[in-house]
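A.B. asks: To start, I am sharing the structure in question, which I have written as structure tokens.
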Amino acid sequence: ADGAGAVGGPLPPGNLAAERAPAEALALLGPAERRVRALAAAAKQANVQLLIDAEQTYFQPAIDALTLRAMRDFNTGGRAVVYATYQAYLVAAEERLKADLAWAEANDVHFAVKLVRGAYMVSERRLARQEGRPSPVQPTAEATHACYDACLATLVAAAARGRGAALLATHNVASVAAALAEMRRRGVPPEGGGVHFGQLYGMADHLSYTLGGGGYSVAKYLPYGPVEEVMPYLVRRAQENSAVLGGAAEERALTLRELLRRAAAPLAPAPAPSSGRQLSSSA
């Protein structure tokens with residue numbers, strides 16, 4: 001079997017998730033952990049990555065525990081298989097990211113992260129008010145942006161040391177620019193350096209195409225499923241970054257400009273018939 005460590009065993013000492021998810025809670029997650037490990041083993045065998053999303057803070061500790069245990073067992077030999085998700089709209093995000101990175105480096109675990117802003121502002125603040133505790137969410141959008149950029153700098157530095165990988169999931173132009181500047185400063189190459197970018201399919205294509213044209217690793221994220229489940233997800237993604245809504249007009253203008261450019265361009269001659277077939281792929 002892939003990985004070390006028995007299902008249900010404790011997380012390595014010093015990891016914050018171990019304190020947030022006590023042993024009795026982990027014992028209840030046995031079936032979920034077995035499924036996560038089966039998925040991680042299949043991903044490793046297929047040489048693909050398994051990205052585990054983040055959710056609301058009241059059950060995020062369980063997700064942290066399952067994800068970090070899988071990361072410990074499958075992200076070995078400098079290979080990123082399992083990615084944990086960190087949400088920059090949470091006040092504790094940067095502290096938790098740095099603590100988990102320190103644990104990973106101390107335990108020779110390749111630290112792999114999908115970095116997002118987060119999308120449960122309304123429900124998190126409402127629950128905090130109901131329970132009479134401080135909100136876990138950043139007080140302003142500017143604070144979220146600052147946290148995101150600080151976290152991405154930490155992740156790029158880890159990638160430069162060969163100790164981590166990052167998928168920077170963002171539609172925010174300023175954050176992409178900050179990541180590119182940090183990659184240049186740290187000597188992280190556009191391709192093969194452990195730093196990837198991601199945008200939703202059908203959104204921020206001007207960012208995706210520009211990054212791809214520059215040789216950077218870019219993924220398009222495609223949610224699928226019943227309409228009643230997918231639409232709330234997409235609404236949360238719009239809430240996650242108000243720049244998505246503000247950038248829609250810019251993207252329409254860019255798309256129209258590209259369509260007009262193509263319409264004005266002369267048609268290329270048809271290729272000569274070929275007796276064989278040539279297959280090509282591009283990322």
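Ligands are numbered from 1 in the order shown, residues from 1 within each chain, and chains are lettered A, B, ... in the order they appear in the structure tokens.
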Give me, as a list in words, all polymer residues having an atom no more than 10 Å from Gly193 in chain A, counting only C-alpha atoms and skipping those fewer than 2 positions away in the same chain.

C.D. replies: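 Within the cut-off, the hits are Val156, Ala159, Ala160, Arg161, Gly162, Gly164, Ala165, Ala166, Met183, Gly187, Val188, Pro189, Pro190, Glu191, Val195, His196, Tyr216 and Ser217 of chain A.
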
A.B. asks: For range 175-180 of chain A, find every residue with an atom within 8 Å (counting only C-alpha atoms), except residues of its own chain fewer than 3 positions away, and show them as number ranges by chain.

C.D. replies: A: 145, 148-149, 152-153, 156, 170-172, 183-184

A.B. asks: Mind listing the alpha helix (DSSP H) residues of range 40-235 of chain A, per DSSP on the backbone, as a PyMOL selection string?

C.D. replies: chain A and resi 40-46+60-74+93-106+121-131+141-160+173-186+205-213+227-235

A.B. asks: Show which residues sit within 9 Å of Glu124 in chain A, as a list in words. Count only C-alpha atoms, and ignore same-chain residues fewer than 5 positions away.

C.D. replies: Gln56, Thr57, Tyr58, Arg129, Ser135, Pro136 and Val137 of chain A

A.B. asks: List the spatial neighbours of Val81 in chain A as number ranges by chain - criterion: any atom at most 6 Å away, only C-alpha atoms, same-chain residues fewer than 6 positions off excluded.

C.D. replies: A: 49-50, 75

A.B. asks: When you draw a straight line from CA of Met203 in chain A to CA of Glu55 in chain A, how long is it in Å?

C.D. replies: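 Taking CA of Met203 in chain A and CA of Glu55 in chain A, their separation equals 21.9 Å.
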
A.B. asks: Under the rule that only C-alpha atoms are counted, which of A:Ala204, A:Ala102, A:Met121, A:Ala143 is the nearest residue to Val173 in chain A?

C.D. replies: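 So, comparing all the options, the nearest one is A:Ala204.
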
A.B. asks: What does the distance between CA of Ala219 in chain A and CA of Leu39 in chain A come to in Å, to one decimal place?

C.D. replies: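 Value for the CA of Ala219 in chain A-CA of Leu39 in chain A distance: 20.1 Å.
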
A.B. asks: Let's see if you can do this: from backbone DSSP, list all strand (DSSP E or B) residues in range 6-244 of chain A, as a PyMOL selection string.

C.D. replies: chain A and resi 50-51+82-87+90+111-116+137+164-169+195-200+218-221

A.B. asks: Point out the residue among A:His110, A:Thr140, A:Leu29, A:Gly225 with the least atom-to-atom distance to Ala62 in chain A, counting only C-alpha atoms.

C.D. replies: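 Using only C-alpha atoms, the shortest distance to Ala62 in chain A belongs to A:Leu29.
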
A.B. asks: What's the separation between CA of Val36 in chain A and CA of Ala54 in chain A, in Å to one decimal place?

C.D. replies: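 Rounded to one decimal, the two atoms are 14.3 Å apart.
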
A.B. asks: From the options A:Ala93, A:Val122, A:Thr154, A:Arg72, which residue's atoms come nearest to Ala106 in chain A, counting only C-alpha atoms?

C.D. replies: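 Smallest distance to Ala106 in chain A is found for A:Arg72.
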
A.B. asks: Any idea what's packed within 9 Å of Arg117 in chain A, counting only C-alpha atoms, ignoring anything in its chain fewer than 5 positions away? Could you give it as a PyMOL selection string?

C.D. replies: chain A and resi 86-90+144-145+147-148+169-170+240-241

A.B. asks: Pick the closest to Pro61 in chain A from A:Tyr120, A:Val48, A:Thr85, A:Gly132: which is it, counting only C-alpha atoms?

C.D. replies: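 Closest candidate: A:Thr85.
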
A.B. asks: My list of candidates is A:Ala32, A:Val227, A:Leu68, A:Leu234. Which is closest to Gly202 in chain A when distances are computed with only C-alpha atoms?

C.D. replies: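 Looking only at the distances to Gly202 in chain A, the closest residue turns out to be A:Leu234.
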
A.B. asks: Return the single residue from A:Ala157, A:Ala128, A:Leu211, A:Val91 that is closest to Glu182 in chain A, with distances computed using only C-alpha atoms.

C.D. replies: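 That would be A:Ala157, the residue with the smallest distance to Glu182 in chain A.
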